[in-house]
$ cat coords_12.txt   # compact mmCIF, C-alpha atoms and all ligand atoms
# COMPACT_ATOMS: atom_id res chain seq x y z
CA MET A 338 52.04 96.99 77.92
CA SER A 339 52.89 94.62 75.10
CA GLU A 340 51.58 95.11 71.60
CA ILE A 341 48.20 93.65 70.63
CA LYS A 342 48.07 91.55 67.48
CA ILE A 343 45.14 90.82 65.21
CA VAL A 344 44.47 87.48 63.52
CA ASP A 345 41.72 87.63 60.93
CA THR A 346 39.73 84.49 60.20
CA THR A 347 37.27 85.79 57.60
CA LEU A 348 38.63 83.20 55.19
CA ARG A 349 38.19 80.29 57.64
CA ASP A 350 35.57 80.95 60.36
CA GLY A 351 33.90 83.56 58.16
CA GLU A 352 33.52 81.21 55.24
CA GLN A 353 32.37 78.46 57.59
CA THR A 354 29.13 80.46 58.04
CA ALA A 355 26.09 78.56 56.82
CA GLY A 356 25.46 79.52 53.21
CA VAL A 357 28.73 81.41 52.62
CA VAL A 358 31.29 80.38 50.01
CA PHE A 359 34.10 82.44 48.53
CA ALA A 360 35.55 81.91 45.06
CA ASN A 361 39.32 81.50 45.07
CA HIS A 362 39.91 84.89 43.44
CA GLU A 363 37.78 86.42 46.20
CA LYS A 364 39.83 84.70 48.91
CA ILE A 365 43.01 86.05 47.35
CA ARG A 366 41.57 89.57 47.04
CA ILE A 367 40.43 89.52 50.68
CA ALA A 368 43.86 88.27 51.85
CA LYS A 369 45.57 91.13 50.00
CA MET A 370 43.18 93.69 51.48
CA LEU A 371 43.64 92.34 55.02
CA ASP A 372 47.40 92.52 54.59
CA ALA A 373 47.22 96.09 53.28
CA ILE A 374 45.05 97.15 56.24
CA GLY A 375 47.59 95.87 58.75
CA VAL A 376 46.31 92.50 60.00
CA ASP A 377 49.18 90.55 61.62
CA GLN A 378 48.03 87.06 60.74
CA ILE A 379 45.54 85.68 58.22
CA GLU A 380 43.87 82.36 58.91
CA ALA A 381 43.50 81.40 55.26
CA GLY A 382 41.47 78.20 55.43
CA ILE A 383 41.51 74.46 56.08
CA PRO A 384 44.20 72.70 53.99
CA VAL A 385 42.98 69.17 54.74
CA MET A 386 39.80 69.95 52.78
CA GLY A 387 42.00 69.72 49.67
CA GLY A 388 40.78 70.80 46.22
CA HIS A 389 40.02 74.49 45.69
CA GLU A 390 40.47 75.28 49.38
CA LYS A 391 44.03 73.97 49.44
CA GLU A 392 44.85 75.70 46.13
CA ALA A 393 43.66 79.06 47.47
CA ILE A 394 45.80 78.71 50.60
CA LYS A 395 48.86 77.82 48.51
CA GLU A 396 48.29 80.86 46.31
CA ILE A 397 47.88 83.14 49.31
CA CYS A 398 51.18 81.82 50.70
CA LYS A 399 52.87 82.69 47.40
CA LEU A 400 51.68 86.32 47.43
CA GLY A 401 54.59 87.30 49.65
CA LEU A 402 52.38 89.22 52.06
CA ARG A 403 53.73 90.91 55.16
CA ALA A 404 51.18 89.07 57.34
CA SER A 405 51.75 85.59 58.70
CA ILE A 406 49.58 82.95 56.97
CA MET A 407 47.93 80.33 59.15
CA GLY A 408 46.27 77.04 58.20
CA TRP A 409 43.53 75.57 60.38
CA ASN A 410 43.80 71.94 61.51
CA ARG A 411 42.21 69.40 63.74
CA ALA A 412 44.65 67.97 66.29
CA VAL A 413 45.67 65.35 63.76
CA VAL A 414 49.17 64.96 62.26
CA LYS A 415 47.87 64.37 58.73
CA ASP A 416 45.96 67.67 58.88
CA VAL A 417 49.14 69.48 59.88
CA GLU A 418 51.00 67.79 57.00
CA GLN A 419 48.46 69.27 54.60
CA SER A 420 49.05 72.72 56.08
CA LEU A 421 52.82 72.37 55.75
CA GLU A 422 52.40 71.39 52.08
CA CYS A 423 50.69 74.73 51.45
CA GLY A 424 53.69 76.67 52.69
CA VAL A 425 52.03 78.36 55.68
CA ASP A 426 54.28 79.76 58.42
CA ALA A 427 51.68 79.19 61.16
CA VAL A 428 49.15 76.53 62.08
CA ALA A 429 46.11 76.45 64.30
CA ILE A 430 45.68 73.08 66.00
CA SER A 431 42.14 72.77 67.21
CA ILE A 432 40.45 70.39 69.62
CA SER A 433 37.53 70.70 72.02
CA THR A 434 38.19 71.00 75.74
CA SER A 435 34.66 71.01 77.16
CA ASP A 436 33.22 67.77 78.49
CA ILE A 437 30.09 68.20 76.41
CA HIS A 438 32.23 68.25 73.24
CA ILE A 439 34.68 65.59 74.43
CA GLU A 440 31.91 63.15 75.31
CA HIS A 441 29.23 63.88 72.75
CA LYS A 442 31.19 65.07 69.72
CA LEU A 443 34.66 63.55 69.94
CA HIS A 444 33.64 60.40 71.90
CA SER A 445 37.00 60.80 73.59
CA THR A 446 38.43 61.46 77.05
CA ARG A 447 40.15 64.45 78.65
CA ALA A 448 43.47 62.54 78.70
CA LYS A 449 43.20 61.55 75.03
CA VAL A 450 42.40 65.13 74.02
CA ILE A 451 45.64 66.35 75.60
CA GLU A 452 47.56 63.45 74.06
CA ASP A 453 46.25 64.25 70.53
CA MET A 454 46.94 67.96 70.93
CA VAL A 455 50.50 67.37 72.18
CA LYS A 456 51.26 64.96 69.33
CA ALA A 457 50.07 67.38 66.64
CA THR A 458 51.76 70.35 68.31
CA ARG A 459 55.13 68.59 68.62
CA PHE A 460 54.91 67.52 64.98
CA ALA A 461 54.20 71.11 63.86
CA LYS A 462 56.99 72.56 66.00
CA GLN A 463 59.46 70.03 64.57
CA HIS A 464 58.67 71.61 61.19
CA GLY A 465 59.40 75.10 62.43
CA VAL A 466 55.97 76.74 62.17
CA TYR A 467 54.23 79.03 64.65
CA VAL A 468 51.54 77.12 66.58
CA SER A 469 48.26 78.33 68.03
CA VAL A 470 46.59 75.60 70.06
CA ASN A 471 42.86 76.20 69.92
CA ALA A 472 40.82 75.21 72.94
CA GLU A 473 37.45 74.86 71.24
CA ASP A 474 34.53 75.57 73.57
CA ALA A 475 37.04 76.83 76.17
CA SER A 476 34.36 78.99 77.77
CA ARG A 477 32.34 75.89 78.73
CA SER A 478 35.38 73.86 79.81
CA ASP A 479 36.28 72.96 83.38
CA PRO A 480 38.76 75.74 84.32
CA ASP A 481 41.15 73.30 86.03
CA TYR A 482 41.20 71.02 83.01
CA LEU A 483 41.75 74.03 80.75
CA ILE A 484 44.81 74.99 82.83
CA GLU A 485 46.11 71.42 82.50
CA PHE A 486 45.48 71.51 78.73
CA ALA A 487 47.11 74.92 78.25
CA THR A 488 50.13 73.89 80.33
CA ALA A 489 50.58 70.78 78.20
CA ALA A 490 50.30 72.95 75.07
CA ARG A 491 52.95 75.34 76.33
CA GLU A 492 55.27 72.47 77.26
CA ALA A 493 54.78 70.90 73.82
CA GLY A 494 56.01 74.18 72.31
CA ALA A 495 52.76 75.96 71.41
CA ASP A 496 53.23 79.70 70.84
CA ARG A 497 49.77 80.66 72.00
CA LEU A 498 46.43 79.37 73.17
CA ARG A 499 43.27 80.38 71.32
CA TYR A 500 40.56 80.84 73.95
CA CYS A 501 37.39 80.03 72.03
CA ASP A 502 34.01 81.21 73.23
CA THR A 503 32.61 78.86 70.62
CA VAL A 504 28.94 79.33 71.43
CA GLY A 505 29.22 82.95 72.58
CA ILE A 506 28.08 82.53 76.19
CA LEU A 507 30.58 84.78 77.96
CA ASP A 508 30.06 88.31 79.21
CA PRO A 509 32.94 90.78 79.67
CA PHE A 510 33.10 90.37 83.47
CA ARG A 511 33.39 86.59 83.35
CA THR A 512 35.78 86.80 80.39
CA TYR A 513 38.14 89.02 82.33
CA GLU A 514 38.23 86.71 85.37
CA ARG A 515 38.72 83.51 83.40
CA VAL A 516 41.34 84.79 81.01
CA LYS A 517 43.29 86.50 83.77
CA ASN A 518 43.27 83.30 85.83
CA LEU A 519 44.43 81.25 82.85
CA ILE A 520 47.29 83.62 82.02
CA ASP A 521 48.35 83.88 85.67
CA LYS A 522 48.43 80.10 86.08
CA VAL A 523 49.89 79.04 82.71
CA GLY A 524 51.88 82.00 81.43
CA ILE A 525 51.05 81.41 77.76
CA ASP A 526 50.13 83.98 75.11
CA VAL A 527 46.36 84.00 74.71
CA GLU A 528 44.18 84.84 71.71
CA MET A 529 40.56 85.80 72.24
CA HIS A 530 38.20 84.09 69.80
CA THR A 531 34.72 85.31 70.60
CA HIS A 532 31.29 84.78 69.07
CA ASN A 533 28.42 87.20 69.05
CA ASP A 534 25.42 85.11 70.10
CA PHE A 535 24.49 87.55 72.87
CA GLY A 536 25.94 90.59 71.07
CA MET A 537 29.10 90.61 73.20
CA ALA A 538 31.83 89.35 70.88
CA THR A 539 33.69 92.67 70.70
CA ALA A 540 33.17 93.48 74.39
CA ASN A 541 34.46 90.05 75.38
CA ALA A 542 37.50 90.41 73.13
CA LEU A 543 38.30 93.73 74.82
CA ALA A 544 37.81 92.21 78.26
CA GLY A 545 40.29 89.50 77.29
CA VAL A 546 42.80 92.13 76.23
CA ARG A 547 42.44 93.88 79.59
CA ALA A 548 43.07 90.52 81.25
CA GLY A 549 46.34 90.19 79.33
CA ALA A 550 45.46 88.46 76.06
CA ARG A 551 47.86 89.63 73.34
CA TRP A 552 45.96 88.39 70.28
CA VAL A 553 42.43 89.04 69.08
CA GLY A 554 40.72 86.89 66.46
CA VAL A 555 38.29 88.75 64.20
CA THR A 556 36.41 88.63 60.91
CA VAL A 557 35.44 91.45 58.55
CA ILE A 558 31.91 92.69 59.41
CA GLY A 559 31.79 89.94 62.05
CA LEU A 560 31.06 87.31 59.41
CA GLY A 561 30.87 83.91 61.10
CA GLU A 562 28.73 81.08 62.29
CA ARG A 563 25.30 81.94 63.71
CA ALA A 564 25.53 85.54 65.02
CA GLY A 565 29.13 85.78 63.85
CA ASN A 566 32.52 86.63 65.35
CA ALA A 567 34.06 89.78 66.80
CA ALA A 568 34.26 92.24 63.90
CA LEU A 569 37.68 93.45 62.72
CA GLU A 570 36.53 97.03 62.36
CA GLU A 571 34.82 97.10 65.78
CA VAL A 572 37.77 95.62 67.64
CA VAL A 573 40.38 97.88 66.03
CA MET A 574 38.35 101.08 66.50
CA ALA A 575 37.28 100.14 70.05
CA LEU A 576 40.88 99.39 71.00
CA LYS A 577 41.86 102.80 69.63
CA TYR A 578 39.05 104.96 70.99
CA LEU A 579 37.90 103.12 74.11
CA GLU A 580 41.14 101.52 75.30
CA GLY A 581 43.72 103.93 73.93
CA ILE A 582 45.56 101.20 71.99
CA ASP A 583 46.30 102.39 68.46
CA LEU A 584 47.34 99.51 66.18
CA ASN A 585 48.11 101.92 63.32
CA PHE A 586 45.80 100.10 60.93
CA LYS A 587 44.75 101.63 57.60
CA THR A 588 41.25 102.06 58.97
CA GLU A 589 40.27 104.31 56.06
CA LYS A 590 39.93 101.06 54.08
CA PHE A 591 37.38 99.56 56.49
CA ARG A 592 34.28 100.53 54.50
CA GLU A 593 35.84 99.23 51.30
CA ILE A 594 36.74 95.81 52.70
CA ALA A 595 33.37 95.61 54.48
CA GLU A 596 31.59 96.20 51.16
CA TYR A 597 33.76 93.65 49.40
CA VAL A 598 33.29 90.91 52.01
CA SER A 599 29.57 91.68 52.12
CA LEU A 600 29.37 91.26 48.34
CA ALA A 601 31.54 88.13 48.22
CA SER A 602 29.63 86.47 51.09
CA LYS A 603 26.22 87.66 49.86
CA ARG A 604 25.56 89.04 53.35
CA GLU A 605 23.96 92.46 53.58
CA LEU A 606 25.79 95.31 55.25
CA PRO A 607 23.08 96.94 57.40
CA ALA A 608 22.93 100.73 57.57
CA TRP A 609 23.15 100.52 61.39
CA LYS A 610 26.28 98.31 61.40
CA PRO A 611 28.77 99.67 63.98
CA ILE A 612 31.80 101.50 62.54
CA VAL A 613 31.14 100.82 58.83
CA GLY A 614 27.34 101.14 58.41
CA SER A 615 26.14 103.91 56.08
CA ASN A 616 24.20 105.51 58.95
CA MET A 617 27.27 105.95 61.19
CA PHE A 618 27.65 109.57 60.07
CA ALA A 619 24.13 110.37 58.87
CA HIS A 620 22.33 112.98 60.95
CA GLU A 621 18.67 113.86 60.54
CA SER A 622 17.20 114.97 63.86
CA GLY A 623 17.27 118.75 64.24
CA ILE A 624 19.36 118.87 67.40
CA HIS A 625 21.94 116.34 66.19
CA ALA A 626 22.28 117.82 62.71
CA ASP A 627 22.63 121.33 64.15
CA GLY A 628 25.34 120.10 66.52
CA ALA A 629 27.17 118.10 63.86
CA LEU A 630 27.11 121.10 61.52
CA LYS A 631 28.52 123.42 64.19
CA ASP A 632 31.17 120.93 65.31
CA PRO A 633 31.06 117.24 64.25
CA ARG A 634 32.64 116.19 67.54
CA THR A 635 29.32 116.96 69.26
CA TYR A 636 27.80 113.76 67.83
CA GLU A 637 30.71 111.82 66.33
CA VAL A 638 33.49 110.01 68.19
CA PHE A 639 35.80 109.90 65.17
CA ARG A 640 35.84 111.40 61.69
CA PRO A 641 33.98 109.56 58.89
CA GLU A 642 37.09 109.62 56.66
CA GLU A 643 38.87 107.48 59.26
CA VAL A 644 36.79 104.49 58.22
CA GLY A 645 36.14 105.46 54.60
CA LEU A 646 32.69 106.96 55.10
CA GLU A 647 31.25 110.46 54.54
CA ARG A 648 29.17 112.69 56.76
CA GLN A 649 25.64 113.08 55.57
CA ILE A 650 22.98 115.50 56.72
CA VAL A 651 19.68 113.77 55.94
CA ILE A 652 16.69 116.01 55.31
CA GLY A 653 13.46 114.48 56.59
CA LYS A 654 10.72 114.60 59.18
CA HIS A 655 13.11 115.23 62.07
CA SER A 656 15.21 117.93 60.40
CA GLY A 657 15.54 121.43 61.81
CA THR A 658 15.97 124.80 60.12
CA ALA A 659 19.77 124.81 60.52
CA ALA A 660 20.02 121.64 58.42
CA ILE A 661 17.67 123.08 55.79
CA GLN A 662 19.79 126.22 55.56
CA ALA A 663 23.02 124.20 55.36
CA LYS A 664 21.57 121.90 52.71
CA PHE A 665 20.43 124.76 50.46
CA GLN A 666 23.76 126.49 50.99
CA GLU A 667 25.30 123.43 49.29
CA TYR A 668 23.26 124.39 46.18
CA GLY A 669 24.38 128.01 46.54
CA ILE A 670 21.04 129.20 47.91
CA THR A 671 21.05 131.28 51.08
CA LEU A 672 17.76 130.96 52.95
CA THR A 673 16.60 133.30 55.68
CA LYS A 674 15.47 131.68 58.92
CA GLU A 675 11.87 132.37 57.92
CA GLU A 676 12.23 130.83 54.46
CA ALA A 677 13.92 127.78 55.99
CA ASN A 678 11.00 127.44 58.40
CA ASP A 679 8.42 127.56 55.59
CA ILE A 680 10.34 124.99 53.58
CA LEU A 681 10.79 122.78 56.66
CA ALA A 682 7.00 122.61 57.09
CA ARG A 683 6.67 121.37 53.51
CA VAL A 684 9.55 118.92 53.97
CA ARG A 685 7.84 117.40 57.00
CA VAL A 686 4.57 116.87 55.15
CA ALA A 687 6.38 115.21 52.25
CA ALA A 688 8.56 113.02 54.49
CA VAL A 689 5.57 111.71 56.43
CA GLU A 690 3.66 111.00 53.21
CA LEU A 691 6.64 109.17 51.72
CA LYS A 692 7.69 107.57 55.04
CA ARG A 693 11.36 108.37 54.33
CA PRO A 694 13.83 111.25 54.08
CA LEU A 695 13.93 113.31 50.89
CA PHE A 696 16.26 113.14 47.92
CA ASP A 697 18.01 116.31 46.73
CA LYS A 698 15.77 116.43 43.65
CA GLU A 699 12.66 116.38 45.84
CA LEU A 700 14.03 119.25 47.89
CA ALA A 701 14.59 121.20 44.68
CA TYR A 702 10.92 120.66 43.70
CA ILE A 703 9.74 121.73 47.15
CA TYR A 704 11.80 124.91 46.77
CA GLU A 705 10.40 125.62 43.29
CA ASP A 706 6.81 125.13 44.52
CA TYR A 707 7.53 127.33 47.49
CA LEU A 708 8.81 130.18 45.30
CA HIS A 709 5.85 129.77 42.97
CA ASP A 710 3.28 129.86 45.79
CA ARG A 711 4.98 132.84 47.40
CA LYS A 712 4.75 134.83 44.13
CA LYS A 713 1.03 134.06 43.92
CA VAL A 714 0.55 135.44 47.42
CA ALA A 715 2.64 138.54 46.58
CA PHE A 716 0.60 139.52 43.53
MN MN A 801 34.72 80.23 65.76

$ encode --input "coords_12.txt" --output "structure tokens"
Amino acid sequence: MSEIKIVDTTLRDGEQTAGVVFANHEKIRIAKMLDAIGVDQIEAGIPVMGGHEKEAIKEICKLGLRASIMGWNRAVVKDVEQSLECGVDAVAISISTSDIHIEHKLHSTRAKVIEDMVKATRFAKQHGVYVSVNAEDASRSDPDYLIEFATAAREAGADRLRYCDTVGILDPFRTYERVKNLIDKVGIDVEMHTHNDFGMATANALAGVRAGARWVGVTVIGLGERAGNAALEEVVMALKYLEGIDLNFKTEKFREIAEYVSLASKRELPAWKPIVGSNMFAHESGIHADGALKDPRTYEVFRPEEVGLERQIVIGKHSGTAAIQAKFQEYGITLTKEEANDILARVRVAAVELKRPLFDKELAYIYEDYLHDRKKVAF
């Protein structure tokens, strides 16, 4: 099985999200972090936009990163010229292949779409850069036309085809069939570019990999238009733990980059976010906390340190005595089973009143009150 490669488009598709804008120093910081983590290719932006955008891409190219740097283009020669001016070593050449886009957006024809793509691709290849031809809205395109388009791309010298589920309408079963058929018929490297409108971006990316796609397009925390893209951290960890494909990424930096992109994009990082959410390794319910304390593997698939998080036993309404004992042991206090039970009853009352778990300080007060009350009873 050939190696799977990751192209991150946080700086292009991620920034394209309604309401998101990165400052240039943020784009540069994110590019450095992506490179350090192990991303193979960074889609850095859209050179033809000019101004700040073009400057940022030029600067990223000058960083001397290990990763390939890609510029995004429409299937237009002057767009590609702008990319080349930035010093990128790879270009994405994008054009829609679905009839709904060809007719209603491009006001073009199937034949003209192929002609434009071939022209831009040939031009880019003459200048020695790596080319990804992006079939925008591929998932809603006529499969026969898509084969014709991909074959023309391959013959024009394209290095891969980006299969875009632009509006996120695929499911993993359909993805597998379509991508497998495309690869069988055309024999071109395929990148999965999936959107999360039905919550299947990561699953569809994995299905594409099973079907033979060698590249996966992602963004940090799934930042992207509407419901977002397949998330970098989800795809890399799912490949490792569900598919047995270890890309040797520095996954321990995942929480850090997630926090940074969340801050820079002004998008919250929910506690329940897969892989990097703060709740990933927080256990409250009695049975889970007891299991996790005895052996974390009972309720965790991987160690928190692997993604830069920490295990947390939360003390609240659903806690059990084992968690109470373990928590007080952290403060150097050994509780008997009976003491832990008495304190647990008080914890539950407080947690229901407050409608949340308890802070350490609150637990300390509960313990003080408990000792005080017990003395009163004793005398
Ligand atoms: Mn997209």

$ closest_residue --input "coords_12.txt" --among "A:Val613, A:Leu672, A:Val417, A:Leu348" --to "ligand MN 801 (chain A)" --atoms "all atoms listed in the file"
A:Leu348

$ closest_residue --input "coords_12.txt" --among "A:Val376, A:Ile439, A:Ala687, A:Val555" --to "ligand MN 801 (chain A)" --atoms "only C-alpha atoms and all ligand atoms"
A:Val555

$ residues_around --input "coords_12.txt" --residues "Arg547 of chain A" --least-positions-apart "2" --cutoff "9 Å" --atoms "only C-alpha atoms" --output "list of chain:residue names"
A:Tyr513, A:Lys517, A:Ala542, A:Leu543, A:Ala544, A:Gly545, A:Gly549, A:Ala550, A:Glu580

$ residues_around --input "coords_12.txt" --residues "Ala564 of chain A" --least-positions-apart "5" --cutoff "10 Å" --atoms "only C-alpha atoms" --output "MDAnalysis selection string"
chainID A and resid 354 504:505 532:536 538 559

$ closest_atom_pairs --input "coords_12.txt" --of "chain A" --to "ligand MN 801 (chain A)" --cutoff "12 Å" --atoms "only C-alpha atoms and all ligand atoms" --output "CSV"
residue,atom,partner,partner_atom,distance
A:Asp345,CA,A:MN801,MN,11.3
A:Thr346,CA,A:MN801,MN,8.6
A:Thr347,CA,A:MN801,MN,10.2
A:Leu348,CA,A:MN801,MN,11.7
A:Arg349,CA,A:MN801,MN,8.8
A:Asp350,CA,A:MN801,MN,5.5
A:Gly351,CA,A:MN801,MN,8.3
A:Glu352,CA,A:MN801,MN,10.6
A:Gln353,CA,A:MN801,MN,8.7
A:Thr354,CA,A:MN801,MN,9.5
A:Glu380,CA,A:MN801,MN,11.6
A:Trp409,CA,A:MN801,MN,11.3
A:Ser431,CA,A:MN801,MN,10.6
A:Ser433,CA,A:MN801,MN,11.7
A:Asn471,CA,A:MN801,MN,10.0
A:Ala472,CA,A:MN801,MN,10.7
A:Glu473,CA,A:MN801,MN,8.1
A:Asp474,CA,A:MN801,MN,9.1
A:Ala475,CA,A:MN801,MN,11.2
A:Arg499,CA,A:MN801,MN,10.2
A:Tyr500,CA,A:MN801,MN,10.1
A:Cys501,CA,A:MN801,MN,6.8
A:Asp502,CA,A:MN801,MN,7.6
A:Thr503,CA,A:MN801,MN,5.5
A:Val504,CA,A:MN801,MN,8.1
A:Gly505,CA,A:MN801,MN,9.2
A:Met529,CA,A:MN801,MN,10.3
A:His530,CA,A:MN801,MN,6.6
A:Thr531,CA,A:MN801,MN,7.0
A:His532,CA,A:MN801,MN,6.6
A:Asn533,CA,A:MN801,MN,10.0
A:Asp534,CA,A:MN801,MN,11.4
A:Ala538,CA,A:MN801,MN,10.9
A:Gly554,CA,A:MN801,MN,9.0
A:Val555,CA,A:MN801,MN,9.4
A:Thr556,CA,A:MN801,MN,9.8
A:Gly559,CA,A:MN801,MN,10.8
A:Leu560,CA,A:MN801,MN,10.2
A:Gly561,CA,A:MN801,MN,7.1
A:Glu562,CA,A:MN801,MN,7.0
A:Arg563,CA,A:MN801,MN,9.8
A:Ala564,CA,A:MN801,MN,10.6
A:Gly565,CA,A:MN801,MN,8.1
A:Asn566,CA,A:MN801,MN,6.8
A:Ala567,CA,A:MN801,MN,9.6

$ closest_residue --input "coords_12.txt" --among "A:His620, A:Lys587, A:Lys522, A:His389" --to "His362 of chain A" --atoms "all atoms listed in the file"
A:His389

$ residues_around --input "coords_12.txt" --residues "segment 654-670 of chain A" --least-positions-apart "3" --cutoff "8 Å" --atoms "all atoms listed in the file" --output "compact mmCIF listing (two decimals) with C-alpha atoms, in the coordinates of the input"
# COMPACT_ATOMS: atom_id res chain seq x y z
CA GLU A 621 18.67 113.86 60.54
CA SER A 622 17.20 114.97 63.86
CA GLY A 623 17.27 118.75 64.24
CA ILE A 624 19.36 118.87 67.40
CA ALA A 626 22.28 117.82 62.71
CA ASP A 627 22.63 121.33 64.15
CA LEU A 630 27.11 121.10 61.52
CA ILE A 650 22.98 115.50 56.72
CA VAL A 651 19.68 113.77 55.94
CA THR A 673 16.60 133.30 55.68
CA LYS A 674 15.47 131.68 58.92
CA ALA A 677 13.92 127.78 55.99
CA ASN A 678 11.00 127.44 58.40
CA ILE A 680 10.34 124.99 53.58
CA LEU A 681 10.79 122.78 56.66
CA VAL A 684 9.55 118.92 53.97
CA ARG A 685 7.84 117.40 57.00
CA VAL A 686 4.57 116.87 55.15
CA ALA A 688 8.56 113.02 54.49
CA VAL A 689 5.57 111.71 56.43
CA ARG A 693 11.36 108.37 54.33
CA PRO A 694 13.83 111.25 54.08

$ residues_near_point --input "coords_12.txt" --point "(54.2, 70.1, 74.2)" --cutoff "10 Å" --atoms "only C-alpha atoms" --output "PDB file with C-alpha atoms, keeping the file's coordinate frame"
ATOM      1  CA  ILE A 451      45.640  66.350  75.600  1.00  0.00           C
ATOM      2  CA  GLU A 452      47.560  63.450  74.060  1.00  0.00           C
ATOM      3  CA  MET A 454      46.940  67.960  70.930  1.00  0.00           C
ATOM      4  CA  VAL A 455      50.500  67.370  72.180  1.00  0.00           C
ATOM      5  CA  LYS A 456      51.260  64.960  69.330  1.00  0.00           C
ATOM      6  CA  ALA A 457      50.070  67.380  66.640  1.00  0.00           C
ATOM      7  CA  THR A 458      51.760  70.350  68.310  1.00  0.00           C
ATOM      8  CA  ARG A 459      55.130  68.590  68.620  1.00  0.00           C
ATOM      9  CA  PHE A 460      54.910  67.520  64.980  1.00  0.00           C
ATOM     10  CA  LYS A 462      56.990  72.560  66.000  1.00  0.00           C
ATOM     11  CA  PHE A 486      45.480  71.510  78.730  1.00  0.00           C
ATOM     12  CA  ALA A 487      47.110  74.920  78.250  1.00  0.00           C
ATOM     13  CA  THR A 488      50.130  73.890  80.330  1.00  0.00           C
ATOM     14  CA  ALA A 489      50.580  70.780  78.200  1.00  0.00           C
ATOM     15  CA  ALA A 490      50.300  72.950  75.070  1.00  0.00           C
ATOM     16  CA  ARG A 491      52.950  75.340  76.330  1.00  0.00           C
ATOM     17  CA  GLU A 492      55.270  72.470  77.260  1.00  0.00           C
ATOM     18  CA  ALA A 493      54.780  70.900  73.820  1.00  0.00           C
ATOM     19  CA  GLY A 494      56.010  74.180  72.310  1.00  0.00           C
ATOM     20  CA  ALA A 495      52.760  75.960  71.410  1.00  0.00           C
TER      21      ALA A 495
END

$ closest_residue --input "coords_12.txt" --among "A:Val413, A:Val644, A:Val516, A:Val425" --to "Glu589 of chain A" --atoms "all atoms listed in the file"
A:Val644

$ atom_distance --input "coords_12.txt" --atom1 "atom CA of Ser435 of chain A" --atom2 "atom CA of Ile383 of chain A"
22.4 Å

$ atom_distance --input "coords_12.txt" --atom1 "atom CA of Ile582 of chain A" --atom2 "atom CA of Lys342 of chain A"
10.9 Å

$ residues_around --input "coords_12.txt" --residues "Arg592 of chain A" --least-positions-apart "6" --cutoff "9 Å" --atoms "only C-alpha atoms" --output "list in words"
Glu570, Ile612, Val613, Gly614, Ser615, Val644, Gly645 and Leu646 of chain A
